[in-house]
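Student: My structure is below; once you've seen it, I'll send some questions.
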Amino acid sequence: MSEIVPEESTVSRETDALPGSYPGPSLIETGAATAAAVRSGKYPALPHPSSTRVITVANQKGGVGKTTSTVNLAAALALQGQRVLVVDLDPQGNASTALGVDHRSGAPSTYQVLLSDLPLAEAVVPSAENENLWVVPATLDLAGAEMELYPLVAREWRLDRALRGYLGLTPHRFDYVFIDCPPSIGLLTLNAFVAAQELLIPIQCEYYALEGVSQLIRFLGMVRDNLNPSLRIGAILLTMFDGRTRLGAQVAEEVRQHFGDTVLASVIPRSVRLSEAPGFGQTVLEYDPGSAGAQSYLSAARELSDHPVR
Ligand SMILES: Nc1ncnc2c1ncn2[C@@H]1O[C@H](COP(=O)(O)OP(=O)(O)OP(=O)(O)O)[C@@H](O)[C@H]1O
Ligand SMILES: [Mg+2]
């Protein structure tokens, strides 16, 4: 491939060294070339999965990179030719913000889908970022949903039914659905576990990284035993890796020892570009496609696309 040299301003200066970047099929390796390919719309496409993969992104520990991973993996897959739907199931609505969609109180959202039987099709909106990317936003109304769901019939199945109904009817098949969970194990997260075939668990490369993960795994076991036997851990993604400290490498090593091949080789670095992007209603793929953060999510997305589900 001939070298593409973009203008100076489009090239990120981030230089975080990443352990084990995924040696995926793409030959695009430098930030400059990535930025040029993304901006020209010529990023290589990935093969489509044989059926829609519904992936719940969960970890009841707060602030570990669930939403950042949801929106950036979704955008990375959309850039690589996949049709992707993001379902925002967190009352904070952070995924909706990052994808630049309206999520003011009262807007059609996951709240009405779960509580008022609104057909999902009426809440799905396109993301301005990519024509392959669609969103079901979450509004603050969802904050009361745990309590309001409680007395309802089939309260654990409401998202599953809405999603299945939609995926069965929509004329254009989705390749991936990502469900972004709140940082708690309650009825919202339970709905996400029942609706998915795969779990993606982001783990922050910090002290107490595994705190709460065993509780999450127990919850997974309970859901498999009682409600959704086909649910599996699709992938564990190491986030906020800081190459300058030994702690990051130690935590990454510990998580790999514990979970083996389930952990993606791609690691997400701590990157200021990743934390800035949502403030502009963008993912990092749009905000700074040449940054280390963007490249790591492109790499993780490629890996996820051919990662066996365990
Ligand atoms: N790799 C990263 N580098 C730097 N900042 C990051 C990175 N990943 C996430 N952040 C920032 O850390 C904060 C928490 O990330 P995020 O919102 O994705 O976590 P979360 O698990 O979804 O949080 P919550 O549990 O509240 O839903 C955000 O401000 C985000 O911008
Ligand atoms: Mg979040």
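Chain lettering (A, B, ...) mirrors the order of the structure tokens, residue numbering begins at 1 for each chain separately, and ligand numbering begins at 1 in order of display.
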As a list in words, please: every protein or nucleic acid residue near ligand 2 (cut-off 6 Å, counting only C-alpha atoms and all ligand atoms).
Tutor: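 So, counting only C-alpha atoms and all ligand atoms, the residues near ligand 2 are Lys66, Thr67, Asn94 and Pro182 of chain A.
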Student: Return as a list in words every polymer residue, whether protein, DNA or RNA, with at least one atom no more than 6 Å from an atom of ligand 1; count only C-alpha atoms and all ligand atoms.
Tutor: Gly62, Gly63, Val64, Gly65, Lys66, Thr67, Thr68, Pro182, Pro183, Thr239, Met240, Ile268, Pro269, Arg270, Ser271, Val272, Leu274 and Ser275 of chain A
Student: Taking only C-alpha atoms into account, name the residue in A:Leu187, A:Arg164, A:Glu254, A:Leu169 that is nearest to Gly144 in chain A.
Tutor: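 That would be A:Leu187, the residue with the smallest distance to Gly144 in chain A.
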Student: Give me the range 43-149 of chain A side of the contact with range 190-209 of chain A, cut-off 8 Å, one line per residue showing its nearest atom pair and distance in Å at one decimal, counting only C-alpha atoms, sorted by chain and residue number, as CSV.
Tutor:
```
residue,atom,partner,partner_atom,distance
A:Arg53,CA,A:Gln197,CA,7.0
A:Val54,CA,A:Ala196,CA,4.8
A:Ile55,CA,A:Glu198,CA,4.8
A:Thr56,CA,A:Leu199,CA,4.9
A:Val57,CA,A:Leu200,CA,4.8
A:Ala58,CA,A:Ile201,CA,5.4
A:Asn59,CA,A:Ile201,CA,5.9
A:Val64,CA,A:Gln204,CA,5.1
A:Gly65,CA,A:Pro202,CA,6.2
A:Lys66,CA,A:Pro202,CA,6.0
A:Ser69,CA,A:Pro202,CA,7.5
A:Leu89,CA,A:Ala192,CA,7.9
```
Student: Take the residues from that selection and write them out as a PDB file, in the first residue's frame, keeping N, CA and C atoms.
Tutor:
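Result saved to selection.pdb:
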```pdb
ATOM      1  N   ARG A  53     -25.670 -10.265  15.369  1.00  0.00           N
ATOM      2  CA  ARG A  53     -25.062 -10.530  16.682  1.00  0.00           C
ATOM      3  C   ARG A  53     -25.544  -9.466  17.664  1.00  0.00           C
ATOM      4  N   VAL A  54     -26.217  -9.919  18.706  1.00  0.00           N
ATOM      5  CA  VAL A  54     -26.706  -8.979  19.731  1.00  0.00           C
ATOM      6  C   VAL A  54     -25.759  -9.052  20.928  1.00  0.00           C
ATOM      7  N   ILE A  55     -25.098  -7.938  21.209  1.00  0.00           N
ATOM      8  CA  ILE A  55     -24.013  -7.905  22.196  1.00  0.00           C
ATOM      9  C   ILE A  55     -24.360  -6.919  23.307  1.00  0.00           C
ATOM     10  N   THR A  56     -24.448  -7.429  24.532  1.00  0.00           N
ATOM     11  CA  THR A  56     -24.690  -6.555  25.682  1.00  0.00           C
ATOM     12  C   THR A  56     -23.358  -6.153  26.301  1.00  0.00           C
ATOM     13  N   VAL A  57     -23.175  -4.854  26.495  1.00  0.00           N
ATOM     14  CA  VAL A  57     -21.936  -4.331  27.082  1.00  0.00           C
ATOM     15  C   VAL A  57     -22.227  -4.024  28.548  1.00  0.00           C
ATOM     16  N   ALA A  58     -21.618  -4.805  29.436  1.00  0.00           N
ATOM     17  CA  ALA A  58     -21.996  -4.690  30.851  1.00  0.00           C
ATOM     18  C   ALA A  58     -20.801  -4.829  31.781  1.00  0.00           C
ATOM     19  N   ASN A  59     -20.886  -4.128  32.881  1.00  0.00           N
ATOM     20  CA  ASN A  59     -19.997  -4.262  34.035  1.00  0.00           C
ATOM     21  C   ASN A  59     -20.625  -3.342  35.076  1.00  0.00           C
ATOM     22  N   VAL A  64     -16.002   2.277  33.744  1.00  0.00           N
ATOM     23  CA  VAL A  64     -14.928   1.389  33.272  1.00  0.00           C
ATOM     24  C   VAL A  64     -14.760   1.421  31.743  1.00  0.00           C
ATOM     25  N   GLY A  65     -15.631   2.192  31.074  1.00  0.00           N
ATOM     26  CA  GLY A  65     -15.511   2.290  29.615  1.00  0.00           C
ATOM     27  C   GLY A  65     -16.593   1.518  28.862  1.00  0.00           C
ATOM     28  N   LYS A  66     -17.726   1.245  29.505  1.00  0.00           N
ATOM     29  CA  LYS A  66     -18.824   0.554  28.811  1.00  0.00           C
ATOM     30  C   LYS A  66     -19.325   1.398  27.635  1.00  0.00           C
ATOM     31  N   SER A  69     -16.747   2.122  24.930  1.00  0.00           N
ATOM     32  CA  SER A  69     -16.527   0.935  24.097  1.00  0.00           C
ATOM     33  C   SER A  69     -17.731   0.672  23.197  1.00  0.00           C
ATOM     34  N   LEU A  89     -29.409   1.790  27.095  1.00  0.00           N
ATOM     35  CA  LEU A  89     -30.260   1.315  28.195  1.00  0.00           C
ATOM     36  C   LEU A  89     -29.836   1.941  29.524  1.00  0.00           C
TER      37      LEU A  89
END
```
Student: Please list as a VMD selection string every residue within 9 Å of Ser305 in chain A, counting only C-alpha atoms and excluding residues in the same chain fewer than 6 positions away.
Tutor: chain A and resid 46 to 49 77
Student: When you look at Glu122 in chain A with a cut-off of 10 Å (counting only C-alpha atoms), what residues show up, excluding the ones that are within fewer than 3 positions of it in the same chain? I need them as a PyMOL selection string.
Tutor: chain A and resi 108-109+112-113+118-119+125+136+166
Student: Could you give me the residues within range 45-94 of chain A that DSSP places in alpha helix (DSSP H), as a list in words?
Tutor: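 Taking range 45-94 of chain A and keeping alpha helix (DSSP H) gives Lys66, Thr67, Thr68, Ser69, Thr70, Val71, Asn72, Leu73, Ala74, Ala75, Ala76, Leu77, Ala78, Leu79 and Asn94 of chain A.
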Student: Store the residues picked out above in a file with N, CA and C atoms, as a CSV table (one decimal), in the first residue's frame.
Tutor:
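The resulting file, again34.csv, is shown below:
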```csv
chain,number,residue,atom,x,y,z
A,66,LYS,N,-17.7,1.2,29.5
A,66,LYS,CA,-18.8,0.6,28.8
A,66,LYS,C,-19.3,1.4,27.6
A,67,THR,N,-19.7,2.6,27.9
A,67,THR,CA,-20.3,3.5,26.9
A,67,THR,C,-19.3,3.8,25.8
A,68,THR,N,-18.0,4.2,26.3
A,68,THR,CA,-17.0,4.5,25.3
A,68,THR,C,-16.8,3.3,24.4
A,69,SER,N,-16.7,2.1,24.9
A,69,SER,CA,-16.5,0.9,24.1
A,69,SER,C,-17.7,0.7,23.2
A,70,THR,N,-18.9,0.8,23.7
A,70,THR,CA,-20.1,0.6,22.9
A,70,THR,C,-20.1,1.5,21.7
A,71,VAL,N,-20.0,2.8,21.9
A,71,VAL,CA,-20.1,3.7,20.8
A,71,VAL,C,-19.0,3.6,19.8
A,72,ASN,N,-17.8,3.4,20.3
A,72,ASN,CA,-16.6,3.4,19.4
A,72,ASN,C,-16.5,2.0,18.7
A,73,LEU,N,-16.9,1.0,19.3
A,73,LEU,CA,-16.9,-0.3,18.6
A,73,LEU,C,-18.0,-0.3,17.5
A,74,ALA,N,-19.2,0.3,17.9
A,74,ALA,CA,-20.3,0.4,16.9
A,74,ALA,C,-19.8,1.2,15.7
A,75,ALA,N,-19.2,2.4,16.0
A,75,ALA,CA,-18.8,3.3,14.9
A,75,ALA,C,-17.7,2.6,14.1
A,76,ALA,N,-16.8,1.9,14.8
A,76,ALA,CA,-15.7,1.2,14.0
A,76,ALA,C,-16.3,0.1,13.1
A,77,LEU,N,-17.3,-0.6,13.6
A,77,LEU,CA,-17.9,-1.6,12.7
A,77,LEU,C,-18.7,-1.0,11.6
A,78,ALA,N,-19.4,0.1,11.9
A,78,ALA,CA,-20.1,0.8,10.8
A,78,ALA,C,-19.2,1.3,9.7
A,79,LEU,N,-18.0,1.8,10.2
A,79,LEU,CA,-17.0,2.3,9.2
A,79,LEU,C,-16.5,1.2,8.3
A,94,ASN,N,-25.6,8.5,28.0
A,94,ASN,CA,-24.2,8.8,27.5
A,94,ASN,C,-24.0,8.3,26.1
```
Student: Counting only C-alpha atoms, what is within 7 Å of Leu264 in chain A, bar same-chain residues fewer than 2 positions away, as a ChimeraX atom specification?
Tutor: /A:235-237,262,266
Student: Generate a file of the selected residues that holds C-alpha atoms, formatted as a PDB file, in the first residue's frame.
Tutor:
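What follows is the written file result-v5.pdb:
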```pdb
ATOM      1  CA  ALA A 235     -15.292 -10.848  24.772  1.00  0.00           C
ATOM      2  CA  ILE A 236     -13.500  -9.076  27.568  1.00  0.00           C
ATOM      3  CA  LEU A 237     -11.947  -5.769  26.577  1.00  0.00           C
ATOM      4  CA  THR A 262     -11.846 -14.518  25.991  1.00  0.00           C
ATOM      5  CA  SER A 266      -6.486  -5.391  21.327  1.00  0.00           C
TER       6      SER A 266
END
```
Student: Which residues are near Phe280 in chain A? Cut-off 8 Å, only C-alpha atoms, ignore same chain within fewer than 6 positions. Put them as a list in words.
Tutor: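 In the requested format, the answer is Ala98, Gly100 and Tyr287 of chain A.
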